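One file, entry.txt, is given below (compact mmCIF, C-alpha atoms and all ligand atoms).
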# COMPACT_ATOMS: atom_id res chain seq x y z
CA MET A 685 0.38 0.93 -26.33
CA ALA A 686 2.05 -1.23 -23.66
CA LYS A 687 0.78 -4.49 -22.25
CA VAL A 688 0.98 -4.22 -18.48
CA LEU A 689 0.42 -6.66 -15.63
CA VAL A 690 -0.34 -5.05 -12.29
CA PHE A 691 0.39 -7.22 -9.24
CA THR A 692 -2.27 -6.50 -6.65
CA GLU A 693 -2.31 -7.22 -2.94
CA THR A 694 -5.61 -7.64 -1.19
CA ALA A 695 -6.87 -5.77 1.86
CA GLY A 696 -9.78 -7.73 3.34
CA ASP A 697 -12.44 -8.03 0.66
CA ASN A 698 -10.88 -5.24 -1.41
CA VAL A 699 -7.51 -4.48 -2.98
CA LYS A 700 -4.80 -2.15 -1.72
CA GLY A 701 -5.22 1.47 -2.73
CA VAL A 702 -1.84 1.68 -4.46
CA SER A 703 -3.06 -0.84 -7.06
CA LEU A 704 -5.93 1.45 -7.99
CA GLU A 705 -3.56 4.44 -8.12
CA ILE A 706 -1.40 2.48 -10.59
CA LEU A 707 -4.37 1.34 -12.68
CA GLY A 708 -5.64 4.91 -12.92
CA LYS A 709 -2.28 6.05 -14.27
CA LEU A 710 -2.26 3.27 -16.89
CA SER A 711 -5.28 4.55 -18.77
CA GLY A 712 -4.75 3.90 -22.50
CA GLN A 713 -2.59 0.79 -21.98
CA THR A 714 -3.72 -2.84 -22.06
CA ILE A 715 -4.04 -3.72 -18.40
CA ASP A 716 -4.24 -7.12 -16.72
CA VAL A 717 -4.06 -7.77 -13.00
CA ALA A 718 -2.62 -10.66 -11.01
CA VAL A 719 -3.65 -11.42 -7.45
CA ILE A 720 -2.54 -14.35 -5.32
CA GLY A 721 -5.16 -15.92 -3.03
CA ASP A 722 -8.79 -14.96 -2.58
CA LEU A 723 -10.21 -11.85 -4.20
CA GLY A 724 -13.53 -10.54 -2.88
CA ASP A 725 -16.32 -9.05 -4.98
CA ALA A 726 -15.44 -5.52 -3.86
CA GLY A 727 -11.89 -6.07 -5.13
CA LYS A 728 -13.06 -7.43 -8.48
CA THR A 729 -15.43 -4.49 -8.96
CA ALA A 730 -12.77 -1.96 -8.00
CA LEU A 731 -10.22 -3.47 -10.39
CA ALA A 732 -12.68 -3.61 -13.29
CA SER A 733 -13.86 -0.06 -12.72
CA HIS A 734 -10.23 1.11 -12.77
CA GLY A 735 -9.43 -0.46 -16.13
CA ALA A 736 -8.49 -4.12 -15.55
CA GLU A 737 -9.26 -6.24 -18.63
CA ASN A 738 -8.26 -9.66 -17.26
CA ILE A 739 -7.86 -10.49 -13.58
CA HIS A 740 -5.70 -13.57 -12.92
CA VAL A 741 -6.57 -15.02 -9.53
CA ILE A 742 -3.74 -17.41 -8.69
CA LYS A 743 -4.12 -20.14 -6.10
CA GLY A 744 -2.04 -23.11 -5.05
CA ASP A 745 -0.29 -24.90 -2.21
CA ASN A 746 2.18 -22.90 -0.13
CA LEU A 747 0.59 -19.61 -1.12
CA ASP A 748 -1.49 -19.01 2.02
CA GLN A 749 1.19 -16.73 3.42
CA TYR A 750 3.45 -14.46 1.43
CA SER A 751 6.89 -15.83 0.68
CA PRO A 752 9.22 -14.33 -1.93
CA GLU A 753 10.01 -17.76 -3.36
CA GLY A 754 6.39 -18.94 -3.56
CA TYR A 755 4.93 -15.69 -4.91
CA SER A 756 7.64 -15.21 -7.53
CA ARG A 757 7.22 -18.77 -8.79
CA ALA A 758 3.44 -18.36 -8.85
CA LEU A 759 3.67 -15.15 -10.89
CA LYS A 760 6.34 -16.40 -13.29
CA ASP A 761 3.98 -18.47 -15.45
CA VAL A 762 1.33 -15.73 -15.67
CA ILE A 763 3.98 -13.16 -16.63
CA SER A 764 5.56 -15.44 -19.26
CA ALA A 765 2.22 -16.54 -20.73
CA GLY A 766 0.96 -12.96 -21.06
CA SER A 767 4.05 -11.58 -22.89
CA TYR A 768 3.80 -8.42 -20.81
CA ASP A 769 5.93 -5.36 -21.48
CA TYR A 770 5.75 -4.20 -17.87
CA VAL A 771 4.92 -5.68 -14.49
CA ILE A 772 4.02 -3.01 -11.94
CA GLY A 773 3.18 -3.22 -8.24
CA GLY A 774 3.14 -1.15 -5.09
CA SER A 775 6.35 -0.43 -3.23
CA THR A 776 4.84 -2.04 -0.16
CA SER A 777 6.69 -4.38 2.21
CA ILE A 778 5.79 -7.27 -0.10
CA GLY A 779 6.45 -5.35 -3.32
CA LYS A 780 9.90 -4.28 -2.14
CA ASP A 781 10.76 -7.90 -1.42
CA LEU A 782 9.09 -9.55 -4.39
CA PHE A 783 9.89 -7.35 -7.39
CA PRO A 784 13.71 -7.49 -7.23
CA ARG A 785 13.42 -11.29 -7.10
CA LEU A 786 11.07 -11.30 -10.09
CA SER A 787 13.29 -9.00 -12.13
CA GLY A 788 16.24 -11.25 -11.24
CA MET A 789 14.26 -14.29 -12.33
CA PHE A 790 13.61 -12.72 -15.75
CA ASP A 791 17.07 -11.14 -15.90
CA ALA A 792 15.26 -7.88 -16.65
CA GLY A 793 15.54 -4.23 -15.58
CA MET A 794 13.61 -2.62 -12.76
CA ALA A 795 12.75 0.85 -11.47
CA SER A 796 11.86 0.95 -7.77
CA GLU A 797 10.03 3.48 -5.55
CA VAL A 798 8.70 5.39 -8.54
CA THR A 799 6.64 8.42 -7.52
CA ASN A 800 5.28 9.28 -10.98
CA PHE A 801 5.30 7.84 -14.47
CA LEU A 802 3.82 8.12 -17.94
CA PHE A 803 3.94 6.14 -21.16
CA GLU A 804 5.05 7.51 -24.52
CA GLY A 805 3.81 4.85 -26.91
CA ASP A 806 4.84 1.68 -25.14
CA GLU A 807 7.84 3.29 -23.45
CA PHE A 808 7.79 3.85 -19.71
CA HIS A 809 9.19 7.10 -18.29
CA GLY A 810 9.34 7.25 -14.51
CA THR A 811 10.45 9.62 -11.76
CA ARG A 812 12.03 8.36 -8.55
CA PRO A 813 13.67 10.05 -5.57
CA LEU A 814 17.44 9.83 -5.11
CA PHE A 815 19.83 10.75 -2.28
CA ALA A 816 17.25 10.46 0.48
CA GLY A 817 14.70 12.42 -1.53
CA LYS A 818 16.97 15.44 -2.14
CA CYS A 819 16.52 15.18 -5.89
CA TYR A 820 14.52 13.23 -8.45
CA ALA A 821 15.81 11.12 -11.31
CA LYS A 822 13.98 10.49 -14.55
CA VAL A 823 14.28 6.80 -15.33
CA LYS A 824 13.57 4.51 -18.23
CA ILE A 825 14.38 0.85 -18.34
CA THR A 826 16.41 -0.78 -21.10
CA GLY A 827 17.07 -4.39 -22.05
CA PRO A 828 14.76 -7.34 -22.59
CA LYS A 829 11.15 -7.15 -21.42
CA PRO A 830 9.20 -7.49 -19.23
CA HIS A 831 10.43 -4.55 -17.22
CA PHE A 832 9.55 -4.29 -13.54
CA VAL A 833 8.38 -1.22 -11.63
CA THR A 834 7.34 -0.55 -8.03
CA VAL A 835 5.36 2.57 -7.19
CA ARG A 836 5.36 4.31 -3.81
CA PRO A 837 1.87 4.15 -2.19
CA ASN A 838 -0.05 7.46 -2.11
CA ALA A 839 2.40 9.09 -4.54
CA LEU A 840 0.20 9.01 -7.67
CA GLY A 841 -3.10 9.73 -5.94
CA MET A 842 -6.43 8.12 -6.74
CA PRO A 843 -7.73 8.70 -10.30
CA GLU A 844 -10.73 11.02 -10.41
CA SER A 845 -12.57 9.39 -13.31
CA PRO A 846 -10.93 6.06 -14.17
CA SER A 847 -11.85 4.24 -17.37
CA ALA A 848 -13.42 0.85 -16.80
CA GLY A 849 -12.15 -2.46 -18.20
CA ALA A 850 -13.87 -5.77 -18.86
CA GLY A 851 -12.72 -7.25 -15.54
CA ASN A 852 -12.76 -10.86 -16.79
CA VAL A 853 -11.74 -13.10 -13.92
CA ALA A 854 -9.53 -16.06 -14.83
CA ASP A 855 -8.59 -18.57 -12.14
CA ALA A 856 -5.05 -19.89 -12.39
CA SER A 857 -3.48 -22.65 -10.34
CA ALA A 858 0.18 -22.53 -9.48
CA SER A 859 2.41 -25.33 -8.33
CA VAL A 860 5.26 -23.66 -6.48
CA GLY A 861 6.76 -26.86 -5.02
CA ASP A 862 8.71 -26.96 -1.77
CA LEU A 863 9.89 -23.66 -0.37
CA LYS A 864 13.23 -23.20 1.36
CA ALA A 865 11.83 -20.54 3.70
CA VAL A 866 8.23 -20.37 4.86
CA ILE A 867 6.56 -17.51 6.76
CA LYS A 868 4.52 -19.16 9.51
CA GLU A 869 2.74 -16.13 10.90
CA VAL A 870 2.61 -12.36 10.45
CA ILE A 871 2.18 -10.41 13.69
CA LYS A 872 0.96 -6.85 13.24
CA GLY A 873 2.33 -4.10 15.46
CA ALA A 874 -0.23 -3.40 18.17
CA SER A 875 -0.59 0.28 17.29
CA GLU A 876 -0.70 -0.14 13.52
CA LYS A 877 -4.15 0.11 12.01
CA VAL A 878 -3.01 0.65 8.45
CA ASP A 879 0.59 -0.11 7.56
CA LEU A 880 2.59 3.11 7.82
CA THR A 881 3.78 2.89 4.20
CA GLU A 882 0.19 2.97 2.98
CA ALA A 883 -1.36 5.30 5.56
CA ASN A 884 -3.05 8.43 4.27
CA VAL A 885 -2.60 10.32 7.55
CA ILE A 886 0.31 9.85 9.99
CA VAL A 887 1.00 11.34 13.41
CA SER A 888 4.63 10.81 14.42
CA GLY A 889 6.39 11.35 17.73
CA GLY A 890 10.05 12.07 18.36
CA ARG A 891 12.47 12.07 21.27
CA ALA A 892 10.38 14.80 22.91
CA MET A 893 7.69 12.21 23.69
CA LYS A 894 9.95 11.29 26.66
CA ASN A 895 8.55 7.77 27.16
CA ALA A 896 6.39 5.05 25.62
CA GLU A 897 3.34 5.89 27.75
CA ASN A 898 3.18 9.44 26.37
CA PHE A 899 2.57 8.02 22.87
CA ALA A 900 -1.00 7.51 24.15
CA ILE A 901 -1.74 11.18 23.32
CA LEU A 902 -0.70 10.55 19.71
CA ASP A 903 -2.84 7.37 19.64
CA GLU A 904 -5.83 9.42 20.83
CA LEU A 905 -5.34 12.08 18.16
CA ALA A 906 -4.80 9.36 15.55
CA GLU A 907 -8.05 7.68 16.60
CA VAL A 908 -10.00 10.89 15.99
CA ILE A 909 -8.50 11.69 12.57
CA GLY A 910 -8.06 8.11 11.33
CA ALA A 911 -4.27 8.26 11.35
CA THR A 912 -1.50 5.72 11.87
CA VAL A 913 1.15 6.52 14.48
CA GLY A 914 4.84 6.68 13.54
CA ALA A 915 8.05 7.62 15.32
CA SER A 916 11.51 9.05 14.77
CA ARG A 917 14.57 6.89 15.22
CA ALA A 918 15.47 8.72 18.42
CA ALA A 919 12.09 7.66 19.86
CA VAL A 920 12.62 4.09 18.65
CA ASP A 921 16.21 3.88 19.91
CA SER A 922 15.06 5.22 23.28
CA GLY A 923 12.55 2.37 23.52
CA TYR A 924 9.44 4.57 23.27
CA ALA A 925 8.16 2.83 20.12
CA PRO A 926 8.91 -0.37 18.18
CA HIS A 927 11.08 -0.26 15.06
CA SER A 928 8.04 -1.09 12.90
CA MET A 929 6.89 2.49 13.63
CA GLN A 930 10.12 4.17 12.56
CA VAL A 931 9.92 6.63 9.70
CA GLY A 932 13.08 7.54 7.84
CA GLN A 933 16.14 6.38 6.01
CA THR A 934 16.55 3.28 8.17
CA GLY A 935 12.82 2.94 8.82
CA LYS A 936 9.81 3.19 6.55
CA THR A 937 9.31 5.55 3.64
CA VAL A 938 5.89 7.15 3.79
CA SER A 939 3.95 9.43 1.48
CA PRO A 940 0.69 10.34 3.24
CA SER A 941 -1.64 13.22 2.44
CA LEU A 942 -0.99 14.59 5.93
CA TYR A 943 2.07 14.05 8.17
CA ILE A 944 2.02 15.57 11.66
CA ALA A 945 5.50 15.59 13.24
CA CYS A 946 5.38 16.05 17.01
CA GLY A 947 8.63 16.87 18.78
CA ILE A 948 10.77 15.81 15.82
CA SER A 949 13.71 18.04 14.89
CA GLY A 950 13.73 17.20 11.16
CA ALA A 951 17.10 15.48 10.72
CA ILE A 952 17.93 14.62 7.11
CA GLN A 953 17.51 10.90 7.83
CA HIS A 954 13.97 11.49 9.11
CA LEU A 955 13.08 13.77 6.20
CA ALA A 956 14.29 11.05 3.81
CA GLY A 957 11.36 8.94 4.88
CA MET A 958 8.55 11.51 4.83
CA ARG A 959 9.47 14.47 2.64
CA THR A 960 7.11 13.37 -0.17
CA SER A 961 4.13 13.79 2.20
CA LYS A 962 1.58 16.12 0.59
CA VAL A 963 1.07 18.34 3.67
CA ILE A 964 3.51 18.43 6.59
CA VAL A 965 2.55 19.89 9.98
CA ALA A 966 5.29 20.33 12.59
CA ILE A 967 4.85 20.91 16.31
CA ASN A 968 8.08 21.90 18.03
CA THR A 969 9.12 24.16 20.91
CA ASP A 970 12.19 25.33 18.98
CA PRO A 971 11.29 27.90 16.31
CA ASP A 972 14.62 27.17 14.58
CA ALA A 973 14.05 23.41 14.32
CA PRO A 974 14.93 22.26 10.77
CA ILE A 975 11.56 20.52 10.40
CA PHE A 976 9.96 23.97 10.02
CA THR A 977 11.88 24.52 6.77
CA LYS A 978 10.01 21.55 5.28
CA ALA A 979 6.66 22.04 7.02
CA ASP A 980 3.62 23.52 5.28
CA TYR A 981 2.20 24.47 8.68
CA GLY A 982 4.28 24.98 11.82
CA ILE A 983 3.16 25.29 15.41
CA VAL A 984 5.79 26.57 17.84
CA GLY A 985 4.75 25.12 21.15
CA ASP A 986 4.75 22.25 23.60
CA LEU A 987 3.34 19.11 21.99
CA PHE A 988 1.88 18.03 25.33
CA GLN A 989 -0.39 21.09 25.16
CA ILE A 990 -0.91 21.27 21.39
CA VAL A 991 -1.73 17.62 20.61
CA PRO A 992 -4.65 17.36 23.10
CA LEU A 993 -5.98 20.71 21.82
CA LEU A 994 -5.79 19.46 18.24
CA LYS A 995 -7.60 16.30 19.25
CA GLU A 996 -10.47 18.30 20.79
CA GLU A 997 -10.67 20.63 17.77
CA PHE A 998 -10.75 17.73 15.30
CA LYS A 999 -13.31 15.92 17.44
CA ALA A 1000 -15.58 18.95 17.32
CA LEU A 1001 -14.99 19.40 13.57
CA LEU A 1002 -15.41 15.77 12.57
CA GLY A 1003 -18.17 14.98 15.00
C1 LIG B 1101 22.72 6.25 9.32
C2 LIG B 1101 21.61 6.94 10.07
C3 LIG B 1101 20.31 6.56 9.82
C4 LIG B 1101 19.25 7.18 10.49
N1 LIG B 1101 17.97 6.82 10.21
C5 LIG B 1101 16.95 7.49 10.79
C6 LIG B 1101 15.60 7.18 10.48
O1 LIG B 1101 15.29 6.27 9.72
N2 LIG B 1101 14.62 7.92 11.08
C7 LIG B 1101 14.90 8.94 11.94
O2 LIG B 1101 13.95 9.57 12.44
N3 LIG B 1101 16.17 9.24 12.27
C8 LIG B 1101 17.19 8.53 11.72
N4 LIG B 1101 18.47 8.81 12.10
C9 LIG B 1101 18.68 9.70 13.25
C10 LIG B 1101 18.60 11.17 12.93
O3 LIG B 1101 19.87 11.65 12.54
C11 LIG B 1101 18.15 11.95 14.17
O4 LIG B 1101 19.04 11.67 15.24
C12 LIG B 1101 16.75 11.62 14.63
O5 LIG B 1101 15.84 11.71 13.55
C13 LIG B 1101 16.34 12.61 15.72
O6 LIG B 1101 15.06 12.24 16.21
P1 LIG B 1101 14.16 13.36 16.89
O7 LIG B 1101 13.88 14.43 15.91
O8 LIG B 1101 13.01 12.64 17.49
O9 LIG B 1101 15.06 13.84 18.10
P2 LIG B 1101 15.81 15.21 18.31
O10 LIG B 1101 16.69 15.53 17.17
O11 LIG B 1101 16.43 15.13 19.66
O12 LIG B 1101 14.66 16.30 18.30
C14 LIG B 1101 13.70 16.43 19.28
C15 LIG B 1101 12.92 17.70 18.97
O13 LIG B 1101 11.86 17.82 19.88
C16 LIG B 1101 11.71 19.21 20.20
N5 LIG B 1101 11.01 19.26 21.51
C17 LIG B 1101 11.50 19.02 22.73
N6 LIG B 1101 10.52 19.08 23.66
C18 LIG B 1101 9.37 19.37 22.97
C19 LIG B 1101 8.02 19.52 23.35
N7 LIG B 1101 7.61 19.39 24.62
N8 LIG B 1101 7.10 19.82 22.40
C20 LIG B 1101 7.47 19.95 21.09
N9 LIG B 1101 8.75 19.80 20.69
C21 LIG B 1101 9.67 19.49 21.60
C22 LIG B 1101 13.10 19.75 20.21
O14 LIG B 1101 13.08 21.14 19.99
C23 LIG B 1101 13.75 18.97 19.07
O15 LIG B 1101 13.63 19.69 17.85
C24 LIG B 1101 19.54 8.19 11.44
C25 LIG B 1101 20.85 8.56 11.68
C26 LIG B 1101 21.89 7.95 11.02
C27 LIG B 1101 23.30 8.37 11.28

Rewritten as structure tokens:
Amino acid sequence: MAKVLVFTETAGDNVKGVSLEILGKLSGQTIDVAVIGDLGDAGKTALASHGAENIHVIKGDNLDQYSPEGYSRALKDVISAGSYDYVIGGSTSIGKDLFPRLSGMFDAGMASEVTNFLFEGDEFHGTRPLFAGKCYAKVKITGPKPHFVTVRPNALGMPESPSAGAGNVADASASVGDLKAVIKEVIKGASEKVDLTEANVIVSGGRAMKNAENFAILDELAEVIGATVGASRAAVDSGYAPHSMQVGQTGKTVSPSLYIACGISGAIQHLAGMRTSKVIVAINTDPDAPIFTKADYGIVGDLFQIVPLLKEEFKALLG
């Protein structure tokens, strides 16, 4: 049995879904959780019901905003004191930044962007995509512990019947000292409701959108089905959408339950960012567009006709 610390980010009063996905997969291990800042009652309940034994709530100066230096210093003491075998977190924007620094701090091994894992005894066996998602590698980490792991959001799925833990909350104070770089403010992209990397449903537009104004039809569909809007690099490079919306090799990697690609050809660099989506729907006028080879459902047609029709259909279906 491994002793695992799960680093959890908060989302309002609750915790981010990827943390609960990870906890669900850790059933049978000894699980503690670390969170930096305030943790609401909903978050505490969710963590306990998904198996957390001890929840370390870390507070201190210079921890109001995320900074890699501050957060890694704040977590260092909790990780050292707990003698953990593994420290696991979501491969979110923060996780991608924080975990390599932590593993460097401990001079320990790390597996990033894991899409599945299991434990044999106390040994971690993970799966992660390689070569832009064209194949998967089985990974295990060697060398001194703790070992560090980040898990791609939405890849594991929510556990159906998680085992509960004690959920003991322990407040910890951290003194991180002066930071060399401080994040003053985080400005969210205007169109982003949920961060793309964590969104469960995504509607993306490509070069065929023709201009920024036309993205309004994707926003309207997204509003009805509770989706986040993304874009291809061609749409971003053409100035139709900001880079924060770009999906792909040089944009964000997403793994939603549903990905609707509108007027996107399906270049390898775009597929690299969304091919682990559970269900892919493609709308394209070209029946030979490569995206159709990866799509579960394909609609050959003009997105400017299809998207509004889909919106009306979903509106009627979902009330
Ligand atoms: C190093 C590198 C990194 C890259 N990183 C990324 C990345 O992160 N993300 C990314 O997306 N790309 C990336 N690219 C670019 C990638 O190669 C493609 O150029 C890009 O994905 C194409 O975007 P697109 O599908 O929107 O445009 P296009 O390839 O031009 O496709 C537009 C599609 O729209 C269809 N269409 C046209 N009109 C309509 C209509 N009215 N209704 C429906 N369909 C219509 C066309 O049939 C066509 O299939 C990268 C490239 C390189 C070299």

If we draw a sphere of 10 Å around (-1.8, 10.4, 3.8), which residues have at least one atom in it when counting only C-alpha atoms? Please report them as a PDB file with C-alpha atoms, in the coordinates of the input.
ATOM      1  CA  PRO A 837       1.870   4.150  -2.190  1.00  0.00           C
ATOM      2  CA  ASN A 838      -0.050   7.460  -2.110  1.00  0.00           C
ATOM      3  CA  ALA A 839       2.400   9.090  -4.540  1.00  0.00           C
ATOM      4  CA  GLY A 841      -3.100   9.730  -5.940  1.00  0.00           C
ATOM      5  CA  LEU A 880       2.590   3.110   7.820  1.00  0.00           C
ATOM      6  CA  THR A 881       3.780   2.890   4.200  1.00  0.00           C
ATOM      7  CA  GLU A 882       0.190   2.970   2.980  1.00  0.00           C
ATOM      8  CA  ALA A 883      -1.360   5.300   5.560  1.00  0.00           C
ATOM      9  CA  ASN A 884      -3.050   8.430   4.270  1.00  0.00           C
ATOM     10  CA  VAL A 885      -2.600  10.320   7.550  1.00  0.00           C
ATOM     11  CA  ILE A 886       0.310   9.850   9.990  1.00  0.00           C
ATOM     12  CA  ALA A 911      -4.270   8.260  11.350  1.00  0.00           C
ATOM     13  CA  THR A 912      -1.500   5.720  11.870  1.00  0.00           C
ATOM     14  CA  VAL A 938       5.890   7.150   3.790  1.00  0.00           C
ATOM     15  CA  SER A 939       3.950   9.430   1.480  1.00  0.00           C
ATOM     16  CA  PRO A 940       0.690  10.340   3.240  1.00  0.00           C
ATOM     17  CA  SER A 941      -1.640  13.220   2.440  1.00  0.00           C
ATOM     18  CA  LEU A 942      -0.990  14.590   5.930  1.00  0.00           C
ATOM     19  CA  TYR A 943       2.070  14.050   8.170  1.00  0.00           C
ATOM     20  CA  SER A 961       4.130  13.790   2.200  1.00  0.00           C
ATOM     21  CA  LYS A 962       1.580  16.120   0.590  1.00  0.00           C
ATOM     22  CA  VAL A 963       1.070  18.340   3.670  1.00  0.00           C
TER      23      VAL A 963
END

Nearby polymer residues, ligand LIG 1101 (chain B), at most 8 Å, all atoms listed in the file, as a VMD selection string
chain A and resid 889 to 893 915 to 919 930 to 936 946 to 957 967 to 971 973 to 975 984 to 988

Test item: residues at most 6 Å from stretch 806-813 of chain A, all atoms listed in the file, excluding those fewer than 4 positions along its chain, as a list of chain:residue names:
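These residues fall inside the cut-off: A:Met685, A:Ala686, A:Val798, A:Thr799, A:Asn800, A:Phe801, A:Leu802, A:Gly817, A:Cys819, A:Tyr820, A:Ala821, A:Lys822, A:Val823, A:Lys824.
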
Set up a box along x, y and z of the file covering all listed atoms of stretch 810-827 of chain A, add 5 Å on every one of the six sides, and write the centre and edge lengths in Å to one decimal, as JSON.
{"center_x": 14.6, "center_y": 5.5, "center_z": -10.8, "size_x": 20.5, "size_y": 29.8, "size_z": 32.5}

Using atom CA of A:Ser767 and atom CA of A:Pro830 as the two end points, give the distance in Å to one decimal.
7.5 Å
